[in-house]
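K.L.:
Sharing run.pdb (PDB, N, CA and C atoms, pLDDT in the B column) below.
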```pdb
ATOM      1  N   MET A 122     136.234 124.173 116.593  1.00 50.00           N
ATOM      2  CA  MET A 122     135.107 124.478 115.738  1.00 50.00           C
ATOM      3  C   MET A 122     134.526 123.171 115.201  1.00 50.00           C
ATOM      4  N   ALA A 123     133.261 122.994 115.382  1.00 63.00           N
ATOM      5  CA  ALA A 123     132.608 121.761 114.964  1.00 63.00           C
ATOM      6  C   ALA A 123     132.385 121.769 113.455  1.00 63.00           C
ATOM      7  N   VAL A 124     132.536 120.600 112.864  1.00 73.00           N
ATOM      8  CA  VAL A 124     132.332 120.454 111.424  1.00 73.00           C
ATOM      9  C   VAL A 124     130.852 120.148 111.195  1.00 73.00           C
ATOM     10  N   ASN A 125     130.263 120.864 110.281  1.00 87.00           N
ATOM     11  CA  ASN A 125     128.853 120.680 109.968  1.00 87.00           C
ATOM     12  C   ASN A 125     128.690 119.394 109.145  1.00 87.00           C
ATOM     13  N   SER A 126     127.839 118.486 109.619  1.00 88.00           N
ATOM     14  CA  SER A 126     127.670 117.199 108.928  1.00 88.00           C
ATOM     15  C   SER A 126     127.053 117.383 107.547  1.00 88.00           C
ATOM     16  N   LYS A 127     126.247 118.416 107.367  1.00 88.00           N
ATOM     17  CA  LYS A 127     125.657 118.671 106.054  1.00 88.00           C
ATOM     18  C   LYS A 127     126.743 119.024 105.042  1.00 88.00           C
ATOM     19  N   LYS A 128     127.715 119.814 105.447  1.00 90.00           N
ATOM     20  CA  LYS A 128     128.821 120.170 104.554  1.00 90.00           C
ATOM     21  C   LYS A 128     129.623 118.935 104.175  1.00 90.00           C
ATOM     22  N   ILE A 129     129.828 118.057 105.121  1.00 91.00           N
ATOM     23  CA  ILE A 129     130.573 116.822 104.839  1.00 91.00           C
ATOM     24  C   ILE A 129     129.802 115.957 103.854  1.00 91.00           C
ATOM     25  N   ALA A 130     128.496 115.833 104.054  1.00 92.00           N
ATOM     26  CA  ALA A 130     127.676 115.012 103.158  1.00 92.00           C
ATOM     27  C   ALA A 130     127.690 115.580 101.742  1.00 92.00           C
ATOM     28  N   VAL A 131     127.586 116.892 101.610  1.00 92.00           N
ATOM     29  CA  VAL A 131     127.619 117.517 100.285  1.00 92.00           C
ATOM     30  C   VAL A 131     128.986 117.299  99.642  1.00 92.00           C
ATOM     31  N   TYR A 132     130.048 117.448 100.401  1.00 94.00           N
ATOM     32  CA  TYR A 132     131.395 117.241  99.881  1.00 94.00           C
ATOM     33  C   TYR A 132     131.580 115.807  99.385  1.00 94.00           C
ATOM     34  N   VAL A 133     131.124 114.842 100.169  1.00 95.00           N
ATOM     35  CA  VAL A 133     131.244 113.430  99.773  1.00 95.00           C
ATOM     36  C   VAL A 133     130.432 113.163  98.511  1.00 95.00           C
ATOM     37  N   LEU A 134     129.245 113.727  98.428  1.00 93.00           N
ATOM     38  CA  LEU A 134     128.401 113.545  97.245  1.00 93.00           C
ATOM     39  C   LEU A 134     129.063 114.134  96.003  1.00 93.00           C
ATOM     40  N   VAL A 135     129.630 115.323  96.124  1.00 94.00           N
ATOM     41  CA  VAL A 135     130.308 115.959  94.985  1.00 94.00           C
ATOM     42  C   VAL A 135     131.505 115.129  94.542  1.00 94.00           C
ATOM     43  N   VAL A 136     132.276 114.640  95.482  1.00 96.00           N
ATOM     44  CA  VAL A 136     133.435 113.812  95.142  1.00 96.00           C
ATOM     45  C   VAL A 136     132.980 112.530  94.441  1.00 96.00           C
ATOM     46  N   PHE A 137     131.912 111.916  94.917  1.00 91.00           N
ATOM     47  CA  PHE A 137     131.403 110.691  94.298  1.00 91.00           C
ATOM     48  C   PHE A 137     130.933 110.957  92.873  1.00 91.00           C
ATOM     49  N   VAL A 138     130.189 112.055  92.677  1.00 88.00           N
ATOM     50  CA  VAL A 138     129.699 112.395  91.335  1.00 88.00           C
ATOM     51  C   VAL A 138     130.868 112.637  90.390  1.00 88.00           C
ATOM     52  N   LEU A 139     131.858 113.377  90.829  1.00 90.00           N
ATOM     53  CA  LEU A 139     133.035 113.615  89.982  1.00 90.00           C
ATOM     54  C   LEU A 139     133.762 112.313  89.668  1.00 90.00           C
ATOM     55  N   TYR A 140     133.872 111.432  90.643  1.00 91.00           N
ATOM     56  CA  TYR A 140     134.523 110.147  90.422  1.00 91.00           C
ATOM     57  C   TYR A 140     133.788 109.334  89.356  1.00 91.00           C
ATOM     58  N   VAL A 141     132.459 109.289  89.445  1.00 88.00           N
ATOM     59  CA  VAL A 141     131.677 108.526  88.467  1.00 88.00           C
ATOM     60  C   VAL A 141     131.831 109.139  87.081  1.00 88.00           C
ATOM     61  N   ILE A 142     131.774 110.473  86.993  1.00 88.00           N
ATOM     62  CA  ILE A 142     131.896 111.135  85.698  1.00 88.00           C
ATOM     63  C   ILE A 142     133.271 110.874  85.076  1.00 88.00           C
ATOM     64  N   ILE A 143     134.299 110.937  85.877  1.00 93.00           N
ATOM     65  CA  ILE A 143     135.656 110.764  85.350  1.00 93.00           C
ATOM     66  C   ILE A 143     135.918 109.307  84.972  1.00 93.00           C
ATOM     67  N   THR A 144     135.476 108.370  85.798  1.00 94.00           N
ATOM     68  CA  THR A 144     135.805 106.965  85.539  1.00 94.00           C
ATOM     69  C   THR A 144     134.920 106.322  84.477  1.00 94.00           C
ATOM     70  N   ASP A 145     133.655 106.767  84.364  1.00 90.00           N
ATOM     71  CA  ASP A 145     132.741 106.156  83.389  1.00 90.00           C
ATOM     72  C   ASP A 145     131.704 107.170  82.916  1.00 90.00           C
ATOM     73  N   PRO A 146     132.096 108.027  81.964  1.00 89.00           N
ATOM     74  CA  PRO A 146     131.182 109.083  81.515  1.00 89.00           C
ATOM     75  C   PRO A 146     129.882 108.551  80.893  1.00 89.00           C
ATOM     76  N   ALA A 147     129.941 107.422  80.211  1.00 90.00           N
ATOM     77  CA  ALA A 147     128.737 106.868  79.589  1.00 90.00           C
ATOM     78  C   ALA A 147     127.719 106.455  80.653  1.00 90.00           C
ATOM     79  N   LYS A 148     128.199 105.825  81.708  1.00 88.00           N
ATOM     80  CA  LYS A 148     127.304 105.417  82.783  1.00 88.00           C
ATOM     81  C   LYS A 148     126.750 106.641  83.514  1.00 88.00           C
ATOM     82  N   ALA A 149     127.571 107.677  83.668  1.00 87.00           N
ATOM     83  CA  ALA A 149     127.100 108.909  84.299  1.00 87.00           C
ATOM     84  C   ALA A 149     125.987 109.537  83.463  1.00 87.00           C
ATOM     85  N   ALA A 150     126.128 109.504  82.159  1.00 89.00           N
ATOM     86  CA  ALA A 150     125.082 110.039  81.281  1.00 89.00           C
ATOM     87  C   ALA A 150     123.800 109.223  81.412  1.00 89.00           C
ATOM     88  N   ASP A 151     123.938 107.911  81.570  1.00 91.00           N
ATOM     89  CA  ASP A 151     122.757 107.068  81.785  1.00 91.00           C
ATOM     90  C   ASP A 151     122.047 107.436  83.085  1.00 91.00           C
ATOM     91  N   TYR A 152     122.833 107.706  84.140  1.00 88.00           N
ATOM     92  CA  TYR A 152     122.240 108.104  85.421  1.00 88.00           C
ATOM     93  C   TYR A 152     121.480 109.414  85.285  1.00 88.00           C
ATOM     94  N   VAL A 153     122.049 110.368  84.559  1.00 89.00           N
ATOM     95  CA  VAL A 153     121.380 111.649  84.358  1.00 89.00           C
ATOM     96  C   VAL A 153     120.091 111.448  83.570  1.00 89.00           C
ATOM     97  N   GLU A 154     120.147 110.608  82.551  1.00 94.00           N
ATOM     98  CA  GLU A 154     118.949 110.330  81.747  1.00 94.00           C
ATOM     99  C   GLU A 154     117.855 109.697  82.608  1.00 94.00           C
ATOM    100  N   ILE A 155     118.230 108.764  83.462  1.00 94.00           N
ATOM    101  CA  ILE A 155     117.263 108.117  84.352  1.00 94.00           C
ATOM    102  C   ILE A 155     116.652 109.149  85.302  1.00 94.00           C
ATOM    103  N   GLY A 156     117.486 110.039  85.814  1.00 93.00           N
ATOM    104  CA  GLY A 156     116.984 111.080  86.717  1.00 93.00           C
ATOM    105  C   GLY A 156     116.003 112.001  86.031  1.00 93.00           C
ATOM    106  N   PHE A 157     116.334 112.461  84.825  1.00 96.00           N
ATOM    107  CA  PHE A 157     115.441 113.349  84.096  1.00 96.00           C
ATOM    108  C   PHE A 157     114.151 112.631  83.703  1.00 96.00           C
ATOM    109  N   GLN A 158     114.245 111.364  83.374  1.00 97.00           N
ATOM    110  CA  GLN A 158     113.045 110.599  83.037  1.00 97.00           C
ATOM    111  C   GLN A 158     112.127 110.485  84.248  1.00 97.00           C
ATOM    112  N   GLY A 159     112.708 110.278  85.414  1.00 96.00           N
ATOM    113  CA  GLY A 159     111.921 110.209  86.639  1.00 96.00           C
ATOM    114  C   GLY A 159     111.225 111.525  86.939  1.00 96.00           C
ATOM    115  N   VAL A 160     111.945 112.636  86.780  1.00 96.00           N
ATOM    116  CA  VAL A 160     111.348 113.953  87.008  1.00 96.00           C
ATOM    117  C   VAL A 160     110.230 114.200  85.999  1.00 96.00           C
ATOM    118  N   SER A 161     110.458 113.822  84.753  1.00 97.00           N
ATOM    119  CA  SER A 161     109.448 113.999  83.716  1.00 97.00           C
ATOM    120  C   SER A 161     108.193 113.183  84.013  1.00 97.00           C
ATOM    121  N   ASP A 162     108.373 111.948  84.427  1.00 97.00           N
ATOM    122  CA  ASP A 162     107.233 111.094  84.761  1.00 97.00           C
ATOM    123  C   ASP A 162     106.448 111.659  85.953  1.00 97.00           C
ATOM    124  N   ALA A 163     107.180 112.158  86.950  1.00 97.00           N
ATOM    125  CA  ALA A 163     106.517 112.735  88.119  1.00 97.00           C
ATOM    126  C   ALA A 163     105.726 113.982  87.735  1.00 97.00           C
ATOM    127  N   ALA A 164     106.299 114.829  86.890  1.00 97.00           N
ATOM    128  CA  ALA A 164     105.589 116.035  86.456  1.00 97.00           C
ATOM    129  C   ALA A 164     104.341 115.668  85.659  1.00 97.00           C
ATOM    130  N   GLY A 165     104.436 114.655  84.825  1.00 96.00           N
ATOM    131  CA  GLY A 165     103.273 114.200  84.065  1.00 96.00           C
ATOM    132  C   GLY A 165     102.179 113.677  84.981  1.00 96.00           C
ATOM    133  N   ALA A 166     102.572 112.942  86.021  1.00 96.00           N
ATOM    134  CA  ALA A 166     101.598 112.406  86.968  1.00 96.00           C
ATOM    135  C   ALA A 166     100.912 113.531  87.740  1.00 96.00           C
ATOM    136  N   VAL A 167     101.679 114.542  88.138  1.00 97.00           N
ATOM    137  CA  VAL A 167     101.081 115.685  88.835  1.00 97.00           C
ATOM    138  C   VAL A 167     100.113 116.404  87.898  1.00 97.00           C
ATOM    139  N   GLY A 168     100.490 116.562  86.637  1.00 95.00           N
ATOM    140  CA  GLY A 168      99.606 117.201  85.667  1.00 95.00           C
ATOM    141  C   GLY A 168      98.324 116.416  85.459  1.00 95.00           C
ATOM    142  N   ASP A 169      98.446 115.104  85.376  1.00 95.00           N
ATOM    143  CA  ASP A 169      97.258 114.254  85.232  1.00 95.00           C
ATOM    144  C   ASP A 169      96.347 114.378  86.448  1.00 95.00           C
ATOM    145  N   PHE A 170      96.941 114.404  87.643  1.00 95.00           N
ATOM    146  CA  PHE A 170      96.149 114.540  88.863  1.00 95.00           C
ATOM    147  C   PHE A 170      95.449 115.883  88.912  1.00 95.00           C
ATOM    148  N   MET A 171      96.161 116.959  88.560  1.00 95.00           N
ATOM    149  CA  MET A 171      95.548 118.281  88.578  1.00 95.00           C
ATOM    150  C   MET A 171      94.405 118.372  87.572  1.00 95.00           C
ATOM    151  N   THR A 172      94.574 117.765  86.401  1.00 93.00           N
ATOM    152  CA  THR A 172      93.499 117.739  85.410  1.00 93.00           C
ATOM    153  C   THR A 172      92.300 116.977  85.953  1.00 93.00           C
ATOM    154  N   TRP A 173      92.549 115.842  86.573  1.00 94.00           N
ATOM    155  CA  TRP A 173      91.479 115.045  87.173  1.00 94.00           C
ATOM    156  C   TRP A 173      90.758 115.843  88.259  1.00 94.00           C
ATOM    157  N   ALA A 174      91.524 116.524  89.127  1.00 93.00           N
ATOM    158  CA  ALA A 174      90.931 117.307  90.196  1.00 93.00           C
ATOM    159  C   ALA A 174      90.139 118.491  89.649  1.00 93.00           C
ATOM    160  N   ALA A 175      90.652 119.133  88.599  1.00 92.00           N
ATOM    161  CA  ALA A 175      89.966 120.283  88.008  1.00 92.00           C
ATOM    162  C   ALA A 175      88.666 119.866  87.341  1.00 92.00           C
ATOM    163  N   ASN A 176      88.587 118.629  86.892  1.00 91.00           N
ATOM    164  CA  ASN A 176      87.368 118.118  86.265  1.00 91.00           C
ATOM    165  C   ASN A 176      86.396 117.560  87.289  1.00 91.00           C
ATOM    166  N   GLY A 177      86.642 117.783  88.546  1.00 88.00           N
ATOM    167  CA  GLY A 177      85.733 117.328  89.599  1.00 88.00           C
ATOM    168  C   GLY A 177      85.948 115.893  90.009  1.00 88.00           C
ATOM    169  N   GLY A 178      87.080 115.326  89.705  1.00 79.00           N
ATOM    170  CA  GLY A 178      87.372 113.962  90.109  1.00 79.00           C
ATOM    171  C   GLY A 178      86.631 112.901  89.331  1.00 79.00           C
ATOM    172  N   GLU A 179      86.267 113.222  88.140  1.00 73.00           N
ATOM    173  CA  GLU A 179      85.512 112.258  87.314  1.00 73.00           C
ATOM    174  C   GLU A 179      86.439 111.296  86.622  1.00 73.00           C
TER     175      GLU A 179
END
```
Go ahead and express the file in the form of structure tokens.
P.N.:
Amino acid sequence: MAVNSKKIAVYVLVVFVLYVIITDPAKAADYVEIGFQGVSDAAGAVGDFMTWAANGGE
């Protein structure tokens, strides 16, 4: 039976995340904060673009 490479990649990612959380929780929290900040900035940019487009591109 062949091993699915996607399952292996997900398993490795989960193990890495758990390792980072266990060994350095403060740094893991910083990574989460950076990720959420990036998502927030992207959502704001999409909102700005949609507002610009709705106003006729002015």
K.L.:
May I ask for the distance between atom C of Phe137 in chain A and atom N of Ala149 in chain A, given in Å to one decimal place?
P.N.:
10.3 Å
K.L.:
Quick one: pick out all alpha helix (DSSP H) residues within chain A from a backbone DSSP run and write them as a PDB file with N, CA and C atoms, keeping the file's coordinate frame.
P.N.:
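File result.pdb, as written:
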```pdb
ATOM      1  N   SER A 126     127.839 118.486 109.619  1.00 88.00           N
ATOM      2  CA  SER A 126     127.670 117.199 108.928  1.00 88.00           C
ATOM      3  C   SER A 126     127.053 117.383 107.547  1.00 88.00           C
ATOM      4  N   LYS A 127     126.247 118.416 107.367  1.00 88.00           N
ATOM      5  CA  LYS A 127     125.657 118.671 106.054  1.00 88.00           C
ATOM      6  C   LYS A 127     126.743 119.024 105.042  1.00 88.00           C
ATOM      7  N   LYS A 128     127.715 119.814 105.447  1.00 90.00           N
ATOM      8  CA  LYS A 128     128.821 120.170 104.554  1.00 90.00           C
ATOM      9  C   LYS A 128     129.623 118.935 104.175  1.00 90.00           C
ATOM     10  N   ILE A 129     129.828 118.057 105.121  1.00 91.00           N
ATOM     11  CA  ILE A 129     130.573 116.822 104.839  1.00 91.00           C
ATOM     12  C   ILE A 129     129.802 115.957 103.854  1.00 91.00           C
ATOM     13  N   ALA A 130     128.496 115.833 104.054  1.00 92.00           N
ATOM     14  CA  ALA A 130     127.676 115.012 103.158  1.00 92.00           C
ATOM     15  C   ALA A 130     127.690 115.580 101.742  1.00 92.00           C
ATOM     16  N   VAL A 131     127.586 116.892 101.610  1.00 92.00           N
ATOM     17  CA  VAL A 131     127.619 117.517 100.285  1.00 92.00           C
ATOM     18  C   VAL A 131     128.986 117.299  99.642  1.00 92.00           C
ATOM     19  N   TYR A 132     130.048 117.448 100.401  1.00 94.00           N
ATOM     20  CA  TYR A 132     131.395 117.241  99.881  1.00 94.00           C
ATOM     21  C   TYR A 132     131.580 115.807  99.385  1.00 94.00           C
ATOM     22  N   VAL A 133     131.124 114.842 100.169  1.00 95.00           N
ATOM     23  CA  VAL A 133     131.244 113.430  99.773  1.00 95.00           C
ATOM     24  C   VAL A 133     130.432 113.163  98.511  1.00 95.00           C
ATOM     25  N   LEU A 134     129.245 113.727  98.428  1.00 93.00           N
ATOM     26  CA  LEU A 134     128.401 113.545  97.245  1.00 93.00           C
ATOM     27  C   LEU A 134     129.063 114.134  96.003  1.00 93.00           C
ATOM     28  N   VAL A 135     129.630 115.323  96.124  1.00 94.00           N
ATOM     29  CA  VAL A 135     130.308 115.959  94.985  1.00 94.00           C
ATOM     30  C   VAL A 135     131.505 115.129  94.542  1.00 94.00           C
ATOM     31  N   VAL A 136     132.276 114.640  95.482  1.00 96.00           N
ATOM     32  CA  VAL A 136     133.435 113.812  95.142  1.00 96.00           C
ATOM     33  C   VAL A 136     132.980 112.530  94.441  1.00 96.00           C
ATOM     34  N   PHE A 137     131.912 111.916  94.917  1.00 91.00           N
ATOM     35  CA  PHE A 137     131.403 110.691  94.298  1.00 91.00           C
ATOM     36  C   PHE A 137     130.933 110.957  92.873  1.00 91.00           C
ATOM     37  N   VAL A 138     130.189 112.055  92.677  1.00 88.00           N
ATOM     38  CA  VAL A 138     129.699 112.395  91.335  1.00 88.00           C
ATOM     39  C   VAL A 138     130.868 112.637  90.390  1.00 88.00           C
ATOM     40  N   LEU A 139     131.858 113.377  90.829  1.00 90.00           N
ATOM     41  CA  LEU A 139     133.035 113.615  89.982  1.00 90.00           C
ATOM     42  C   LEU A 139     133.762 112.313  89.668  1.00 90.00           C
ATOM     43  N   TYR A 140     133.872 111.432  90.643  1.00 91.00           N
ATOM     44  CA  TYR A 140     134.523 110.147  90.422  1.00 91.00           C
ATOM     45  C   TYR A 140     133.788 109.334  89.356  1.00 91.00           C
ATOM     46  N   VAL A 141     132.459 109.289  89.445  1.00 88.00           N
ATOM     47  CA  VAL A 141     131.677 108.526  88.467  1.00 88.00           C
ATOM     48  C   VAL A 141     131.831 109.139  87.081  1.00 88.00           C
ATOM     49  N   ILE A 142     131.774 110.473  86.993  1.00 88.00           N
ATOM     50  CA  ILE A 142     131.896 111.135  85.698  1.00 88.00           C
ATOM     51  C   ILE A 142     133.271 110.874  85.076  1.00 88.00           C
ATOM     52  N   ILE A 143     134.299 110.937  85.877  1.00 93.00           N
ATOM     53  CA  ILE A 143     135.656 110.764  85.350  1.00 93.00           C
ATOM     54  C   ILE A 143     135.918 109.307  84.972  1.00 93.00           C
ATOM     55  N   THR A 144     135.476 108.370  85.798  1.00 94.00           N
ATOM     56  CA  THR A 144     135.805 106.965  85.539  1.00 94.00           C
ATOM     57  C   THR A 144     134.920 106.322  84.477  1.00 94.00           C
ATOM     58  N   PRO A 146     132.096 108.027  81.964  1.00 89.00           N
ATOM     59  CA  PRO A 146     131.182 109.083  81.515  1.00 89.00           C
ATOM     60  C   PRO A 146     129.882 108.551  80.893  1.00 89.00           C
ATOM     61  N   ALA A 147     129.941 107.422  80.211  1.00 90.00           N
ATOM     62  CA  ALA A 147     128.737 106.868  79.589  1.00 90.00           C
ATOM     63  C   ALA A 147     127.719 106.455  80.653  1.00 90.00           C
ATOM     64  N   LYS A 148     128.199 105.825  81.708  1.00 88.00           N
ATOM     65  CA  LYS A 148     127.304 105.417  82.783  1.00 88.00           C
ATOM     66  C   LYS A 148     126.750 106.641  83.514  1.00 88.00           C
ATOM     67  N   ALA A 149     127.571 107.677  83.668  1.00 87.00           N
ATOM     68  CA  ALA A 149     127.100 108.909  84.299  1.00 87.00           C
ATOM     69  C   ALA A 149     125.987 109.537  83.463  1.00 87.00           C
ATOM     70  N   ALA A 150     126.128 109.504  82.159  1.00 89.00           N
ATOM     71  CA  ALA A 150     125.082 110.039  81.281  1.00 89.00           C
ATOM     72  C   ALA A 150     123.800 109.223  81.412  1.00 89.00           C
ATOM     73  N   ASP A 151     123.938 107.911  81.570  1.00 91.00           N
ATOM     74  CA  ASP A 151     122.757 107.068  81.785  1.00 91.00           C
ATOM     75  C   ASP A 151     122.047 107.436  83.085  1.00 91.00           C
ATOM     76  N   TYR A 152     122.833 107.706  84.140  1.00 88.00           N
ATOM     77  CA  TYR A 152     122.240 108.104  85.421  1.00 88.00           C
ATOM     78  C   TYR A 152     121.480 109.414  85.285  1.00 88.00           C
ATOM     79  N   VAL A 153     122.049 110.368  84.559  1.00 89.00           N
ATOM     80  CA  VAL A 153     121.380 111.649  84.358  1.00 89.00           C
ATOM     81  C   VAL A 153     120.091 111.448  83.570  1.00 89.00           C
ATOM     82  N   GLU A 154     120.147 110.608  82.551  1.00 94.00           N
ATOM     83  CA  GLU A 154     118.949 110.330  81.747  1.00 94.00           C
ATOM     84  C   GLU A 154     117.855 109.697  82.608  1.00 94.00           C
ATOM     85  N   ILE A 155     118.230 108.764  83.462  1.00 94.00           N
ATOM     86  CA  ILE A 155     117.263 108.117  84.352  1.00 94.00           C
ATOM     87  C   ILE A 155     116.652 109.149  85.302  1.00 94.00           C
ATOM     88  N   GLY A 156     117.486 110.039  85.814  1.00 93.00           N
ATOM     89  CA  GLY A 156     116.984 111.080  86.717  1.00 93.00           C
ATOM     90  C   GLY A 156     116.003 112.001  86.031  1.00 93.00           C
ATOM     91  N   PHE A 157     116.334 112.461  84.825  1.00 96.00           N
ATOM     92  CA  PHE A 157     115.441 113.349  84.096  1.00 96.00           C
ATOM     93  C   PHE A 157     114.151 112.631  83.703  1.00 96.00           C
ATOM     94  N   GLN A 158     114.245 111.364  83.374  1.00 97.00           N
ATOM     95  CA  GLN A 158     113.045 110.599  83.037  1.00 97.00           C
ATOM     96  C   GLN A 158     112.127 110.485  84.248  1.00 97.00           C
ATOM     97  N   GLY A 159     112.708 110.278  85.414  1.00 96.00           N
ATOM     98  CA  GLY A 159     111.921 110.209  86.639  1.00 96.00           C
ATOM     99  C   GLY A 159     111.225 111.525  86.939  1.00 96.00           C
ATOM    100  N   VAL A 160     111.945 112.636  86.780  1.00 96.00           N
ATOM    101  CA  VAL A 160     111.348 113.953  87.008  1.00 96.00           C
ATOM    102  C   VAL A 160     110.230 114.200  85.999  1.00 96.00           C
ATOM    103  N   SER A 161     110.458 113.822  84.753  1.00 97.00           N
ATOM    104  CA  SER A 161     109.448 113.999  83.716  1.00 97.00           C
ATOM    105  C   SER A 161     108.193 113.183  84.013  1.00 97.00           C
ATOM    106  N   ASP A 162     108.373 111.948  84.427  1.00 97.00           N
ATOM    107  CA  ASP A 162     107.233 111.094  84.761  1.00 97.00           C
ATOM    108  C   ASP A 162     106.448 111.659  85.953  1.00 97.00           C
ATOM    109  N   ALA A 163     107.180 112.158  86.950  1.00 97.00           N
ATOM    110  CA  ALA A 163     106.517 112.735  88.119  1.00 97.00           C
ATOM    111  C   ALA A 163     105.726 113.982  87.735  1.00 97.00           C
ATOM    112  N   ALA A 164     106.299 114.829  86.890  1.00 97.00           N
ATOM    113  CA  ALA A 164     105.589 116.035  86.456  1.00 97.00           C
ATOM    114  C   ALA A 164     104.341 115.668  85.659  1.00 97.00           C
ATOM    115  N   GLY A 165     104.436 114.655  84.825  1.00 96.00           N
ATOM    116  CA  GLY A 165     103.273 114.200  84.065  1.00 96.00           C
ATOM    117  C   GLY A 165     102.179 113.677  84.981  1.00 96.00           C
ATOM    118  N   ALA A 166     102.572 112.942  86.021  1.00 96.00           N
ATOM    119  CA  ALA A 166     101.598 112.406  86.968  1.00 96.00           C
ATOM    120  C   ALA A 166     100.912 113.531  87.740  1.00 96.00           C
ATOM    121  N   VAL A 167     101.679 114.542  88.138  1.00 97.00           N
ATOM    122  CA  VAL A 167     101.081 115.685  88.835  1.00 97.00           C
ATOM    123  C   VAL A 167     100.113 116.404  87.898  1.00 97.00           C
ATOM    124  N   GLY A 168     100.490 116.562  86.637  1.00 95.00           N
ATOM    125  CA  GLY A 168      99.606 117.201  85.667  1.00 95.00           C
ATOM    126  C   GLY A 168      98.324 116.416  85.459  1.00 95.00           C
ATOM    127  N   ASP A 169      98.446 115.104  85.376  1.00 95.00           N
ATOM    128  CA  ASP A 169      97.258 114.254  85.232  1.00 95.00           C
ATOM    129  C   ASP A 169      96.347 114.378  86.448  1.00 95.00           C
ATOM    130  N   PHE A 170      96.941 114.404  87.643  1.00 95.00           N
ATOM    131  CA  PHE A 170      96.149 114.540  88.863  1.00 95.00           C
ATOM    132  C   PHE A 170      95.449 115.883  88.912  1.00 95.00           C
ATOM    133  N   MET A 171      96.161 116.959  88.560  1.00 95.00           N
ATOM    134  CA  MET A 171      95.548 118.281  88.578  1.00 95.00           C
ATOM    135  C   MET A 171      94.405 118.372  87.572  1.00 95.00           C
ATOM    136  N   THR A 172      94.574 117.765  86.401  1.00 93.00           N
ATOM    137  CA  THR A 172      93.499 117.739  85.410  1.00 93.00           C
ATOM    138  C   THR A 172      92.300 116.977  85.953  1.00 93.00           C
ATOM    139  N   TRP A 173      92.549 115.842  86.573  1.00 94.00           N
ATOM    140  CA  TRP A 173      91.479 115.045  87.173  1.00 94.00           C
ATOM    141  C   TRP A 173      90.758 115.843  88.259  1.00 94.00           C
ATOM    142  N   ALA A 174      91.524 116.524  89.127  1.00 93.00           N
ATOM    143  CA  ALA A 174      90.931 117.307  90.196  1.00 93.00           C
ATOM    144  C   ALA A 174      90.139 118.491  89.649  1.00 93.00           C
ATOM    145  N   ALA A 175      90.652 119.133  88.599  1.00 92.00           N
ATOM    146  CA  ALA A 175      89.966 120.283  88.008  1.00 92.00           C
ATOM    147  C   ALA A 175      88.666 119.866  87.341  1.00 92.00           C
TER     148      ALA A 175
END
```
K.L.:
One number please: atom N of Glu154 in chain A to atom N of Val167 in chain A, in Å, one decimal.
P.N.:
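Atom-to-atom, atom N of Glu154 in chain A to atom N of Val167 in chain A, that is 19.7 Å.
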